[in-house]
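Student: See work.txt below, with compact mmCIF, C-alpha atoms and all ligand atoms.
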```
# COMPACT_ATOMS: atom_id res chain seq x y z
CA MET N 14 104.43 126.41 59.44
CA LYS N 15 107.91 125.14 58.61
CA PRO N 16 109.32 122.82 61.29
CA THR N 17 112.49 123.52 63.19
CA ILE N 18 114.94 120.70 62.48
CA THR N 19 117.42 119.41 65.04
CA VAL N 20 120.05 116.74 64.46
CA ILE N 21 120.57 114.45 67.44
CA GLN N 22 123.63 112.24 67.64
CA ALA N 23 123.23 109.17 69.83
CA GLN N 24 125.93 106.53 69.94
CA ASP N 25 126.81 106.07 66.25
CA ASP N 26 123.43 107.10 64.86
CA ARG N 27 121.93 110.39 63.74
CA PHE N 28 118.29 111.31 64.27
CA LEU N 29 116.41 114.15 62.63
CA LEU N 30 113.84 115.81 64.88
CA PHE N 31 111.15 117.98 63.26
CA ASP N 32 109.13 120.26 65.54
CA THR N 33 106.12 122.53 64.96
CA PRO N 34 103.58 123.97 67.43
CA THR N 35 101.23 121.05 66.72
CA ARG N 36 103.45 118.13 65.69
CA LYS N 37 106.77 116.51 66.49
CA TRP N 38 108.37 113.75 64.48
CA VAL N 39 111.66 111.86 64.34
CA ARG N 40 113.24 110.19 61.34
CA SER N 41 116.21 107.82 61.22
CA PRO N 42 116.88 104.48 59.52
CA ALA N 43 115.69 102.32 62.45
CA TYR N 44 113.71 104.57 64.82
CA ASN N 45 110.85 106.86 63.83
CA TYR N 46 107.84 108.43 65.46
CA ASN N 47 105.00 110.83 64.80
CA PHE N 48 103.48 112.74 67.72
CA ASN N 49 100.43 114.96 67.49
CA LYS N 50 100.65 117.55 70.26
CA GLU N 51 96.95 118.38 70.00
CA THR N 52 95.43 114.92 70.19
CA GLY N 53 98.28 113.00 71.81
CA VAL N 54 98.26 110.40 69.06
CA PHE N 55 101.71 108.80 68.97
CA ALA N 56 102.98 106.22 66.49
CA ARG N 57 106.43 104.62 66.58
CA TRP N 58 108.04 102.32 64.04
CA GLY N 59 111.45 101.04 62.99
CA LYS N 60 112.99 100.16 59.63
CA THR N 61 109.51 99.34 58.36
CA PHE N 62 106.04 100.03 59.75
CA GLU N 63 105.96 96.44 60.99
CA ASP N 64 109.17 96.88 63.00
CA ASP N 65 108.84 97.71 66.68
CA PRO N 66 111.98 99.38 68.09
CA LYS N 67 113.11 97.82 71.36
CA PHE N 68 113.87 101.18 72.95
CA ALA N 69 114.16 104.85 72.10
CA PRO N 70 117.80 105.32 71.05
CA ALA N 71 117.63 109.13 70.98
CA GLY N 72 116.35 109.48 74.55
CA PRO N 73 113.06 108.99 76.36
CA GLU N 74 109.78 109.90 74.73
CA ILE N 75 108.02 110.57 78.02
CA LEU N 76 109.17 111.70 81.45
CA ASP N 77 107.58 111.37 84.87
CA ILE N 78 108.93 114.12 87.13
CA GLU N 79 108.22 114.51 90.82
CA ILE N 80 108.05 118.17 91.81
CA SER N 81 106.79 117.77 95.39
CA VAL N 82 107.11 115.38 98.27
CA ASP N 83 104.60 115.73 101.15
CA GLY N 84 102.42 118.81 101.50
CA CYS N 85 99.54 116.59 100.37
CA PRO N 86 96.01 117.48 101.46
CA ASN N 87 95.04 113.79 101.19
CA GLY N 88 96.36 110.97 103.26
CA CYS N 89 95.58 108.00 101.06
CA PRO N 90 96.11 104.74 102.94
CA PHE N 91 97.86 103.18 99.94
CA CYS N 92 100.08 106.12 98.88
CA TYR N 93 103.07 104.50 97.22
CA LYS N 94 105.12 107.59 97.96
CA GLY N 95 104.16 107.69 101.60
CA ASN N 96 103.25 111.37 101.20
CA THR N 97 101.79 113.20 104.19
CA PRO N 98 100.41 116.70 104.93
CA LYS N 99 103.66 117.79 106.62
CA PRO N 100 105.56 120.66 104.97
CA ALA N 101 106.48 119.94 101.39
CA THR N 102 109.85 119.53 99.75
CA ASN N 103 109.48 121.21 96.37
CA MET N 104 111.56 121.30 93.20
CA THR N 105 112.16 124.93 92.21
CA LEU N 106 111.47 126.35 88.78
CA ALA N 107 115.20 126.86 88.22
CA GLU N 108 115.91 123.23 89.12
CA PHE N 109 113.12 122.05 86.86
CA LYS N 110 114.43 124.08 83.92
CA SER N 111 117.94 122.87 84.47
CA ILE N 112 116.72 119.24 84.40
CA ILE N 113 114.35 119.49 81.46
CA ASN N 114 116.88 121.43 79.39
CA LYS N 115 119.23 118.44 79.58
CA PHE N 116 116.78 116.21 77.76
CA PRO N 117 117.03 115.64 74.03
CA LYS N 118 114.10 117.40 72.38
CA THR N 119 112.76 114.02 71.30
CA LEU N 120 110.91 114.15 74.63
CA THR N 121 107.23 114.60 73.82
CA GLN N 122 105.40 114.73 77.16
CA VAL N 123 105.97 115.22 80.87
CA ALA N 124 103.77 113.79 83.63
CA PHE N 125 104.12 115.94 86.74
CA GLY N 126 104.12 114.17 90.08
CA ILE N 127 102.41 116.71 92.30
CA THR N 128 100.83 116.06 95.64
CA GLY N 129 98.28 118.86 96.09
CA ILE N 130 97.67 121.13 93.11
CA GLN N 131 98.75 124.10 95.26
CA THR N 132 101.71 122.40 96.91
CA ASN N 133 104.42 123.59 94.54
CA PRO N 134 104.07 127.33 93.81
CA ASP N 135 106.08 126.86 90.61
CA PHE N 136 103.80 124.20 89.13
CA ILE N 137 101.99 126.52 86.69
CA PRO N 138 105.24 128.24 85.55
CA MET N 139 106.76 124.77 85.02
CA MET N 140 103.88 123.81 82.75
CA GLN N 141 104.23 127.13 80.94
CA TYR N 142 107.91 126.40 80.39
CA CYS N 143 107.11 122.96 78.97
CA ARG N 144 104.79 124.56 76.44
CA GLU N 145 107.48 127.12 75.53
CA ILE N 146 109.92 124.36 74.64
CA GLY N 147 107.39 122.21 72.80
CA ILE N 148 106.75 119.55 75.46
CA ILE N 149 103.20 118.68 76.53
CA PRO N 150 102.56 118.83 80.30
CA ASN N 151 100.19 116.32 81.96
CA PHE N 152 99.34 115.64 85.59
CA THR N 153 97.14 113.75 88.01
CA LEU N 154 95.31 115.44 90.87
CA SER N 155 92.75 114.59 93.50
CA GLY N 156 90.97 117.92 93.17
CA ILE N 157 90.53 118.47 96.89
CA ASP N 158 92.47 121.77 96.85
CA LEU N 159 91.51 122.90 93.35
CA THR N 160 90.08 126.38 92.90
CA ASP N 161 88.24 127.71 89.84
CA GLU N 162 91.14 130.05 89.12
CA ILE N 163 93.77 127.29 89.20
CA ALA N 164 91.55 125.03 87.10
CA GLU N 165 91.34 127.72 84.42
CA GLN N 166 95.09 128.25 84.46
CA CYS N 167 95.70 124.51 84.13
CA ALA N 168 93.15 124.13 81.37
CA GLY N 169 95.11 126.53 79.19
CA LEU N 170 98.29 124.49 79.52
CA VAL N 171 97.65 120.82 80.15
CA GLY N 172 97.51 118.15 77.45
CA ALA N 173 95.80 115.39 79.41
CA LEU N 174 94.95 115.11 83.05
CA ALA N 175 93.64 112.48 85.39
CA VAL N 176 91.59 112.86 88.53
CA SER N 177 92.13 110.19 91.16
CA ALA N 178 88.91 108.79 92.61
CA TYR N 179 89.10 107.93 96.30
CA GLN N 180 86.60 106.00 98.32
CA THR N 181 86.71 108.61 101.11
CA ASP N 182 84.70 110.99 98.90
CA LYS N 183 84.20 110.14 95.25
CA ASN N 184 82.27 113.41 94.79
CA VAL N 185 85.53 115.39 95.00
CA CYS N 186 86.71 113.47 91.96
CA TYR N 187 83.44 113.68 90.05
CA SER N 188 83.06 117.44 90.60
CA THR N 189 86.68 117.98 89.57
CA VAL N 190 86.13 115.93 86.43
CA LYS N 191 83.13 118.07 85.55
CA LYS N 192 85.08 121.26 86.18
CA PHE N 193 87.74 120.26 83.66
CA THR N 194 85.41 118.80 81.04
CA ASP N 195 83.34 122.00 81.25
CA LEU N 196 86.57 123.90 80.61
CA GLY N 197 87.01 121.91 77.40
CA ILE N 198 89.67 119.41 78.49
CA ASN N 199 88.63 116.44 76.37
CA GLN N 200 91.47 114.33 77.70
CA THR N 201 90.17 114.21 81.27
CA ASN N 202 90.59 110.73 82.74
CA ILE N 203 89.79 109.10 86.05
CA HIS N 204 92.57 107.20 87.83
CA LEU N 205 91.60 104.23 89.96
CA MET N 206 94.00 102.29 92.11
CA VAL N 207 93.13 98.66 91.47
CA ALA N 208 93.73 96.05 94.14
CA GLN N 209 91.66 93.21 95.50
CA GLU N 210 90.72 95.50 98.38
CA THR N 211 89.53 98.34 96.11
CA LEU N 212 87.70 96.18 93.57
CA PRO N 213 84.15 96.90 94.87
CA PHE N 214 84.89 100.64 94.63
CA VAL N 215 86.32 100.19 91.13
CA TYR N 216 83.02 98.62 90.00
CA GLU N 217 81.09 101.36 91.79
CA VAL N 218 82.92 104.02 89.79
CA MET N 219 82.37 102.07 86.56
CA ASN N 220 78.66 102.02 87.29
CA ASP N 221 78.69 105.73 88.15
CA ARG N 222 80.39 106.37 84.83
CA MET N 223 77.23 105.15 83.14
CA THR N 224 74.78 107.12 85.28
CA ASP N 225 76.38 110.20 86.85
CA PRO N 226 76.01 113.23 84.54
CA ARG N 227 79.24 114.75 85.92
CA LEU N 228 81.23 111.95 84.26
CA GLN N 229 79.70 112.08 80.82
CA GLY N 230 82.55 114.09 79.30
CA ILE N 231 85.49 111.95 80.42
CA ASN N 232 87.94 110.31 78.09
CA ALA N 233 88.64 107.06 79.93
CA ILE N 234 88.87 105.36 83.28
CA VAL N 235 92.47 104.33 83.85
CA PHE N 236 93.31 101.32 86.05
CA LEU N 237 96.54 101.56 88.03
CA GLY N 238 97.63 98.26 89.50
CA VAL N 239 98.79 98.29 93.09
CA LYS N 240 102.47 97.67 93.75
CA PRO N 241 103.84 96.70 97.16
CA LYS N 242 105.45 100.03 97.94
CA GLY N 243 105.10 102.81 100.52
CA ARG N 244 101.86 102.61 102.49
CA ALA N 245 100.70 99.80 100.19
CA VAL N 246 103.51 97.53 101.22
CA ASP N 247 101.11 95.57 103.42
CA GLY N 248 97.42 94.88 103.13
CA TRP N 249 96.93 95.62 99.42
CA ASN N 250 96.94 92.76 96.99
CA THR N 251 97.32 92.77 93.24
CA LEU N 252 94.38 91.35 91.26
CA ARG N 253 94.49 87.74 90.23
CA THR N 254 94.61 87.34 86.49
CA SER N 255 91.03 86.00 86.50
CA GLN N 256 89.81 89.09 88.39
CA TYR N 257 91.51 91.33 85.88
CA GLN N 258 89.86 89.43 83.05
CA GLU N 259 86.43 89.89 84.65
CA LEU N 260 87.08 93.61 85.01
CA ILE N 261 88.06 94.02 81.36
CA GLN N 262 85.09 91.91 80.28
CA PHE N 263 82.76 94.15 82.33
CA CYS N 264 84.16 97.25 80.59
CA PHE N 265 83.71 95.70 77.15
CA ASP N 266 80.19 94.50 77.97
CA HIS N 267 79.24 98.03 78.99
CA ASN N 268 81.17 99.75 76.23
CA LEU N 269 83.32 101.75 78.66
CA ALA N 270 86.51 103.47 77.49
CA ILE N 271 89.42 102.38 79.64
CA GLY N 272 93.15 102.65 79.97
CA PHE N 273 95.74 101.06 82.25
CA ASP N 274 99.30 101.57 83.40
CA SER N 275 102.01 99.76 81.47
CA CYS N 276 102.64 97.67 84.60
CA SER N 277 99.26 96.02 83.94
CA ALA N 278 99.77 95.44 80.22
CA PRO N 279 100.68 91.74 80.64
CA LYS N 280 97.43 91.12 82.55
CA PHE N 281 95.42 93.09 80.01
CA GLU N 282 96.91 91.10 77.15
CA GLU N 283 96.19 87.86 78.98
CA ALA N 284 92.58 88.97 79.38
CA ILE N 285 92.24 89.79 75.70
CA LYS N 286 93.73 86.47 74.60
CA GLN N 287 91.13 84.58 76.60
CA MET N 288 88.13 86.56 75.43
CA ASP N 289 85.70 85.43 72.82
CA LEU N 290 86.68 88.03 70.23
CA PRO N 291 87.62 87.82 66.55
CA ASP N 292 91.38 87.39 66.10
CA PRO N 293 91.90 90.66 64.17
CA LEU N 294 90.22 92.57 67.00
CA LYS N 295 92.36 90.82 69.60
CA LYS N 296 95.45 91.71 67.58
CA ARG N 297 94.41 95.35 67.35
CA MET N 298 93.76 95.59 71.08
CA ILE N 299 97.07 94.02 71.95
CA GLU N 300 98.79 96.46 69.62
CA CYS N 301 97.29 99.29 71.70
CA SER N 302 98.85 97.90 74.86
CA GLU N 303 102.50 98.52 75.73
CA GLY N 304 104.34 96.64 78.45
CA CYS N 305 106.71 98.31 80.89
CA GLU N 306 108.57 101.08 79.09
CA SER N 307 110.81 102.21 81.94
CA SER N 308 114.26 103.24 80.71
CA ALA N 309 113.24 101.94 77.30
CA PHE N 310 110.89 104.73 76.28
CA SER N 311 110.41 106.66 79.53
CA GLY N 312 112.20 107.77 82.64
CA TYR N 313 111.50 109.24 86.05
CA ILE N 314 113.23 111.99 88.01
CA ASN N 315 112.48 112.61 91.66
CA VAL N 316 112.33 115.87 93.57
CA HIS N 317 116.06 115.56 94.39
CA GLY N 318 117.03 115.39 90.72
CA GLU N 319 117.78 111.65 90.70
CA TYR N 320 117.00 109.66 87.57
CA TRP N 321 115.30 106.32 88.29
CA HIS N 322 113.76 103.93 85.77
CA CYS N 323 110.25 104.54 87.08
CA SER N 324 108.89 106.06 90.27
CA PHE N 325 108.22 102.61 91.73
CA SER N 326 111.83 101.58 91.30
CA GLU N 327 113.08 104.47 93.45
CA ASN N 328 115.13 103.17 96.38
CA GLU N 329 114.18 99.55 95.69
CA VAL N 330 116.67 96.78 96.35
CA HIS N 331 119.10 96.26 93.45
CA GLN N 332 117.98 99.50 91.74
CA GLN N 333 120.42 102.33 91.06
CA CYS N 334 119.82 105.97 90.24
CA VAL N 335 121.86 108.51 88.30
CA ASP N 336 122.39 112.10 89.44
CA VAL N 337 120.97 114.44 86.81
CA ALA N 338 122.64 117.61 88.12
CA SER N 339 126.13 116.28 87.44
CA ALA N 340 125.26 114.91 84.00
CA GLU N 341 126.77 116.97 81.20
CA ASN N 342 125.31 114.97 78.37
CA PHE N 343 121.96 113.28 79.01
CA LEU N 344 122.42 110.50 76.47
CA ARG N 345 125.97 109.63 77.45
CA ASP N 346 125.74 110.15 81.20
CA ILE N 347 122.21 108.89 81.87
CA TRP N 348 120.43 107.12 79.01
CA TYR N 349 123.49 105.04 78.10
CA SER N 350 124.94 104.89 81.63
CA PRO N 351 125.77 101.43 83.03
CA ALA N 352 122.88 101.62 85.54
CA VAL N 353 120.30 102.40 82.87
CA GLU N 354 121.70 99.97 80.33
CA GLU N 355 121.68 97.19 82.89
CA PHE N 356 118.04 97.84 83.80
CA ARG N 357 117.07 98.09 80.13
CA THR N 358 118.75 94.81 79.22
CA LYS N 359 116.93 93.02 82.01
CA LEU N 360 113.64 94.61 80.97
CA LEU N 361 114.04 93.65 77.32
CA ASN N 362 114.89 90.09 78.36
CA SER N 363 111.68 89.93 80.40
CA GLU N 364 109.50 90.02 77.31
CA ILE N 365 107.03 87.19 76.85
CA ASP N 366 104.85 86.97 73.78
CA GLY N 367 105.89 90.53 72.85
CA CYS N 368 105.01 92.05 76.24
CA ARG N 369 107.63 93.30 78.70
CA ARG N 370 107.15 92.32 82.34
CA CYS N 371 107.84 94.19 85.57
CA THR N 372 111.35 93.37 86.71
CA VAL N 373 111.08 95.35 89.94
CA PHE N 374 107.95 93.66 91.34
CA PRO N 375 107.66 90.37 89.46
CA GLN N 376 104.84 89.33 91.75
CA ILE N 377 102.45 91.65 89.85
CA ASN N 378 102.99 89.80 86.58
CA PRO N 379 100.30 87.35 85.40
CA GLU N 380 102.70 84.44 85.81
CA PHE N 381 102.44 85.01 89.56
CA THR N 382 98.82 86.06 89.90
CA GLY N 383 96.98 83.18 88.35
CA VAL N 384 97.11 80.59 85.61
CA SER N 385 98.63 82.19 82.57
CA HIS N 386 97.37 80.69 79.36
CA SER N 387 100.04 82.25 77.20
CA LEU N 388 102.77 81.23 79.61
CA GLU N 389 101.65 77.65 79.36
CA VAL N 390 101.59 77.87 75.57
CA LEU N 391 105.02 79.43 75.50
CA LYS N 392 106.40 76.87 77.90
CA ASN N 393 105.16 74.15 75.62
CA GLU N 394 106.87 75.87 72.76
CA GLY N 395 110.04 75.97 74.82
CA ARG N 396 110.26 79.74 74.61
CA VAL N 397 110.06 80.60 78.25
CA ARG N 398 113.32 80.94 80.03
CA LYS N 399 112.51 79.28 83.33
CA GLN N 400 115.69 80.65 84.80
CA GLN N 401 114.51 84.15 84.07
CA PHE N 402 111.47 83.72 86.30
CA GLU N 403 113.52 82.15 89.02
CA GLN N 404 115.83 85.15 88.89
CA GLN N 405 112.87 87.48 89.05
CA LEU N 406 111.53 85.71 92.08
CA CYS N 407 114.89 85.73 93.78
CA SER N 408 115.46 89.41 93.18
CA SER N 409 111.98 90.28 94.37
CA PRO N 410 112.49 93.34 96.56
CA GLN N 411 111.31 93.15 100.12
CA GLY N 412 110.91 96.81 101.01
CA ARG N 413 108.32 98.48 98.85
CA ARG N 414 106.06 101.43 98.27
CA LEU N 415 103.21 102.17 95.80
CA GLN N 416 102.17 105.02 93.58
CA HIS N 417 99.43 106.91 91.92
CA PHE N 418 100.78 107.04 88.44
CA GLY N 419 101.29 109.92 86.05
CA VAL N 420 99.15 110.00 82.94
CA TRP N 421 101.13 107.68 80.76
CA MET N 422 98.01 107.39 78.70
CA ALA N 423 98.92 110.99 78.43
CA THR N 424 97.32 112.85 75.59
CA GLY N 425 96.53 109.63 73.80
S1 LIG H 501 98.29 108.96 96.59
FE1 LIG H 501 98.48 111.06 95.80
S2 LIG H 501 96.80 112.19 96.79
FE2 LIG H 501 97.08 110.26 97.96
S3 LIG H 501 98.47 110.79 99.68
FE3 LIG H 501 99.73 110.03 97.96
S4 LIG H 501 100.35 111.89 96.80
FE4 LIG H 501 98.61 112.44 98.14
S1 LIG H 502 109.40 98.64 86.34
FE1 LIG H 502 107.52 97.65 87.12
S2 LIG H 502 106.61 99.15 88.48
FE2 LIG H 502 108.06 100.26 87.17
S3 LIG H 502 106.79 101.01 85.43
FE3 LIG H 502 107.74 99.03 84.85
S4 LIG H 502 106.15 97.53 85.32
FE4 LIG H 502 105.63 99.38 86.48
```
Take the structure in this file and express it as structure tokens.
Ligand code: SF4
Ligand code: SF4

Tutor:
Amino acid sequence: MKPTITVIQAQDDRFLLFDTPTRKWVRSPAYNYNFNKETGVFARWGKTFEDDPKFAPAGPEILDIEISVDGCPNGCPFCYKGNTPKPATNMTLAEFKSIINKFPKTLTQVAFGITGIQTNPDFIPMMQYCREIGIIPNFTLSGIDLTDEIAEQCAGLVGALAVSAYQTDKNVCYSTVKKFTDLGINQTNIHLMVAQETLPFVYEVMNDRMTDPRLQGINAIVFLGVKPKGRAVDGWNTLRTSQYQELIQFCFDHNLAIGFDSCSAPKFEEAIKQMDLPDPLKKRMIECSEGCESSAFSGYINVHGEYWHCSFSENEVHQQCVDVASAENFLRDIWYSPAVEEFRTKLLNSEIDGCRRCTVFPQINPEFTGVSHSLEVLKNEGRVRKQQFEQQLCSSPQGRRLQHFGVWMATG
């Protein structure tokens, strides 16, 4: 099938977007990507294949969008959103369409922030609309309020999904996983919130992965690092770098497929660097890991239609949002707005050894959670800007909440 071709003008550059039912690709002199809508495989490059663009100049590649607040059948003690079972605030289908239609069509995937799967009555129509306009919908659920009928509807629309495993009853997760893998969703993942306090449960699920027949069809177990936000502001501690290394080593030793949020990429890369692996393999693994991509390659919009850099940054000290409803031109009014450009500049300056750090919660970075080998090496090479870390520490926000993340692994 011949692709539809759209020309996108951003700043002084032109981008050609090619779109078919199964593929999407962008071509320009310094920013290019290929996206396979069926498998989720995504490859980005710049002037040459070796070039790595610093950000997506034609607009975000992925979007995290919150369509419900509250109305959640779970009451997780670490919910970064602080969601409760009280009546929900929902985004309507009309609001969703109005927001998504403002995005340049370079957007490839959307991760829906739902609470319960039945909380927003427009959830299925929203996913249908995404498909109509060539964007792949993904979401994370707990499964507690899933029915067979809703599972079948979702299975016909979703690209990738993740089922959160909770210690209160892991069987809800495992049965939900089986339901979706039986329905043919190959990209079914398990989400695990990883903190020092949840580490025994994390290992329990890893062991179950090897023995429980309900989990045989999953794609990967995805580790989401705790952030001090919402109900996780107190009492939940990020893993030390050494603990993260042990976890990754365990997965490799047992040949388990894993993923992780981009917030954890610096710790993952630290772990890889210290492992006894051949250098080409280390290089390949680090290439598969991408540091924080907020407002560089992705964005987040909350239920009120506010654009934030990521869902964790919402309402944090020193963070600013942009109102999407009043934006006439997404690129001009949001992607290149002063608030977004300021965040992006800080993010790009946070990079160490090719990996962007969290600028919202610097205390989750490996520099603050244990001895960092690469930091020491870089310091010796004089490449670390000490001032940058001091600034990060100083700007460390005091009021925080935590999340269960959308499927940024997405269809990959
Ligand atoms: S973490 Fe997810 S499932 Fe748990 S209370 Fe929050 S929104 Fe609900
Ligand atoms: S800004 Fe921090 S919390 Fe937000 S996605 Fe990036 S690394 Fe994660």

Student: Can you pull out every residue with an atom within 6 Å of ligand LIG 501 (chain H)? Use all atoms listed in the file and format it as a PDB file with C-alpha atoms, keeping the file's coordinate frame.

Tutor:
```pdb
ATOM      1  CA  CYS N  85      99.540 116.590 100.370  1.00  0.00           C
ATOM      2  CA  ASN N  87      95.040 113.790 101.190  1.00  0.00           C
ATOM      3  CA  GLY N  88      96.360 110.970 103.260  1.00  0.00           C
ATOM      4  CA  CYS N  89      95.580 108.000 101.060  1.00  0.00           C
ATOM      5  CA  CYS N  92     100.080 106.120  98.880  1.00  0.00           C
ATOM      6  CA  LYS N  94     105.120 107.590  97.960  1.00  0.00           C
ATOM      7  CA  ASN N  96     103.250 111.370 101.200  1.00  0.00           C
ATOM      8  CA  THR N 128     100.830 116.060  95.640  1.00  0.00           C
ATOM      9  CA  SER N 155      92.750 114.590  93.500  1.00  0.00           C
ATOM     10  CA  HIS N 417      99.430 106.910  91.920  1.00  0.00           C
TER      11      HIS N 417
END
```

Student: Looking at all atoms listed in the file, which of N:Gly126, N:Pro379, N:Pro90, N:Arg36 is the one that sits closest to Ile314 of chain N?

Tutor: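 That would be N:Gly126, the residue with the smallest distance to Ile314 of chain N.
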
Student: Would you compute the distance between atom CA of Glu355 of chain N and atom CA of Lys60 of chain N? Give it in Å to one decimal.

Tutor: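 Distance between the two atoms: 25.0 Å.
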
Student: Wanna dump the chain N-ligand LIG 502 (chain H) contacts at 9 Å for me, each residue with its shortest atom pair and the distance in Å to one decimal, counting all atoms listed in the file, ordered by chain and number, as a Markdown table?

Tutor:
```
| residue | atom | partner | partner_atom | distance |
| --- | --- | --- | --- | --- |
| N:Gly238 | CA | H:LIG502 | FE4 | 8.6 |
| N:Lys240 | CA | H:LIG502 | S2 | 6.9 |
| N:Asp274 | CA | H:LIG502 | FE4 | 7.4 |
| N:Ser275 | CA | H:LIG502 | S4 | 6.1 |
| N:Cys276 | CA | H:LIG502 | S4 | 3.6 |
| N:Ser277 | CA | H:LIG502 | S4 | 7.2 |
| N:Ala278 | CA | H:LIG502 | S4 | 8.4 |
| N:Gly304 | CA | H:LIG502 | S4 | 7.2 |
| N:Cys305 | CA | H:LIG502 | FE3 | 4.2 |
| N:Glu306 | CA | H:LIG502 | FE3 | 6.2 |
| N:Ser307 | CA | H:LIG502 | FE3 | 5.3 |
| N:Ser308 | CA | H:LIG502 | S1 | 8.7 |
| N:Ser311 | CA | H:LIG502 | S3 | 8.9 |
| N:His322 | CA | H:LIG502 | S1 | 6.9 |
| N:Cys323 | CA | H:LIG502 | FE2 | 4.8 |
| N:Ser324 | CA | H:LIG502 | FE2 | 6.6 |
| N:Phe325 | CA | H:LIG502 | S2 | 5.0 |
| N:Ser326 | CA | H:LIG502 | FE2 | 5.7 |
| N:Leu360 | CA | H:LIG502 | S1 | 7.9 |
| N:Arg369 | CA | H:LIG502 | S4 | 8.0 |
| N:Arg370 | CA | H:LIG502 | S4 | 6.1 |
| N:Cys371 | CA | H:LIG502 | S4 | 3.8 |
| N:Thr372 | CA | H:LIG502 | S1 | 5.6 |
| N:Val373 | CA | H:LIG502 | FE1 | 5.1 |
| N:Phe374 | CA | H:LIG502 | FE1 | 5.8 |
| N:Pro375 | CA | H:LIG502 | FE1 | 7.6 |
| N:Ile377 | CA | H:LIG502 | S4 | 8.3 |
| N:Asn378 | CA | H:LIG502 | S4 | 8.4 |
| N:Leu415 | CA | H:LIG502 | S2 | 8.6 |
| N:Gln416 | CA | H:LIG502 | S2 | 9.0 |
```

Student: Determine, counting all atoms listed in the file, which protein, DNA and RNA residues have an atom within 7 Å of an atom of Val176 of chain N; residues of the same chain fewer than 3 positions away are not included. Present the result as a list in words.

Tutor: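 In the requested form, the answer reads Thr153, Leu154, Ser155, Gly156, Cys186, Val190, Asn202, Ile203 and His204 of chain N.
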
Student: Name the closest residue to Thr194 of chain N among the candidates N:Gly230, N:Asp77, N:Gln166, N:Asn220; distances are taken between atoms, counting all atoms listed in the file.

Tutor: N:Gly230

Student: Quick one, how far is atom CA of Phe193 of chain N from atom CA of Ala245 of chain N?

Tutor: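 Separating atom CA of Phe193 of chain N from atom CA of Ala245 of chain N is a distance of 29.3 Å.
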
Student: May I ask which of the residues N:Trp348, N:Asp83, N:Ala43, N:Tyr187 is the closest one to Asp64 of chain N, counting all atoms listed in the file?

Tutor: N:Ala43

Student: Once 3 Å is added on each side, what are the centre and the three edge lengths, in Å to one decimal, of the axis-aligned box enclosing the listed atoms of segment 38-45 of chain N? Present them as AutoDock Vina command-line options.

Tutor:
```
--center_x 112.6 --center_y 108.0 --center_z 62.2 --size_x 14.5 --size_y 17.4 --size_z 11.3
```

Student: Give me, as a VMD selection string, all polymer residues having an atom no more than 10 Å from Glu165 of chain N, counting only C-alpha atoms and skipping those fewer than 5 positions away in the same chain.

Tutor: chain N and resid 160 170 192 to 193 196

Student: Place a sphere of radius 10 Å on (94.2, 92.6, 84.1) in the file coordinates and name every protein, DNA or RNA residue with an atom inside or on its surface, counting all atoms listed in the file; give the answer as JSON, numbers by chain.

Tutor: {"N": [207, 236, 238, 251, 252, 253, 254, 255, 256, 257, 258, 259, 260, 261, 262, 273, 276, 277, 278, 279, 280, 281, 282, 283, 284, 285, 378, 379, 382]}

Student: Using Å and a single decimal, report how far atom CA of Leu174 of chain N sits from atom CA of Tyr216 of chain N.

Tutor: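 These two atoms are separated by 21.5 Å.
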
Student: Please list as a CSV table (one decimal) with C-alpha atoms, in the frame of the given file every residue within 12 Å of segment 340-346 of chain N, counting only C-alpha atoms and excluding residues in the same chain fewer than 6 positions away.

Tutor:
```
chain,number,residue,atom,x,y,z
N,21,ILE,CA,120.6,114.4,67.4
N,22,GLN,CA,123.6,112.2,67.6
N,23,ALA,CA,123.2,109.2,69.8
N,24,GLN,CA,125.9,106.5,69.9
N,25,ASP,CA,126.8,106.1,66.2
N,69,ALA,CA,114.2,104.8,72.1
N,70,PRO,CA,117.8,105.3,71.0
N,71,ALA,CA,117.6,109.1,71.0
N,72,GLY,CA,116.4,109.5,74.6
N,73,PRO,CA,113.1,109.0,76.4
N,111,SER,CA,117.9,122.9,84.5
N,112,ILE,CA,116.7,119.2,84.4
N,113,ILE,CA,114.4,119.5,81.5
N,114,ASN,CA,116.9,121.4,79.4
N,115,LYS,CA,119.2,118.4,79.6
N,116,PHE,CA,116.8,116.2,77.8
N,117,PRO,CA,117.0,115.6,74.0
N,118,LYS,CA,114.1,117.4,72.4
N,119,THR,CA,112.8,114.0,71.3
N,120,LEU,CA,110.9,114.2,74.6
N,308,SER,CA,114.3,103.2,80.7
N,312,GLY,CA,112.2,107.8,82.6
N,318,GLY,CA,117.0,115.4,90.7
N,319,GLU,CA,117.8,111.6,90.7
N,320,TYR,CA,117.0,109.7,87.6
N,334,CYS,CA,119.8,106.0,90.2
N,352,ALA,CA,122.9,101.6,85.5
N,353,VAL,CA,120.3,102.4,82.9
N,354,GLU,CA,121.7,100.0,80.3
```

Student: Which residue is closest to Lys191 of chain N? Choose from N:Glu210, N:Asp225, N:Asp158, N:Glu108 and count all atoms listed in the file.

Tutor: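 Counting all atoms listed in the file, the residue closest to Lys191 of chain N is N:Asp225.
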
Student: From the options N:Gly84, N:Gly147, N:Thr358, N:Lys110, which residue's atoms come nearest to Phe31 of chain N, counting only C-alpha atoms?

Tutor: N:Gly147

Student: With distances taken over only C-alpha atoms, which residue among N:Glu162, N:Asp247, N:Asp195, N:Glu79 lies nearest Leu228 of chain N?

Tutor: N:Asp195
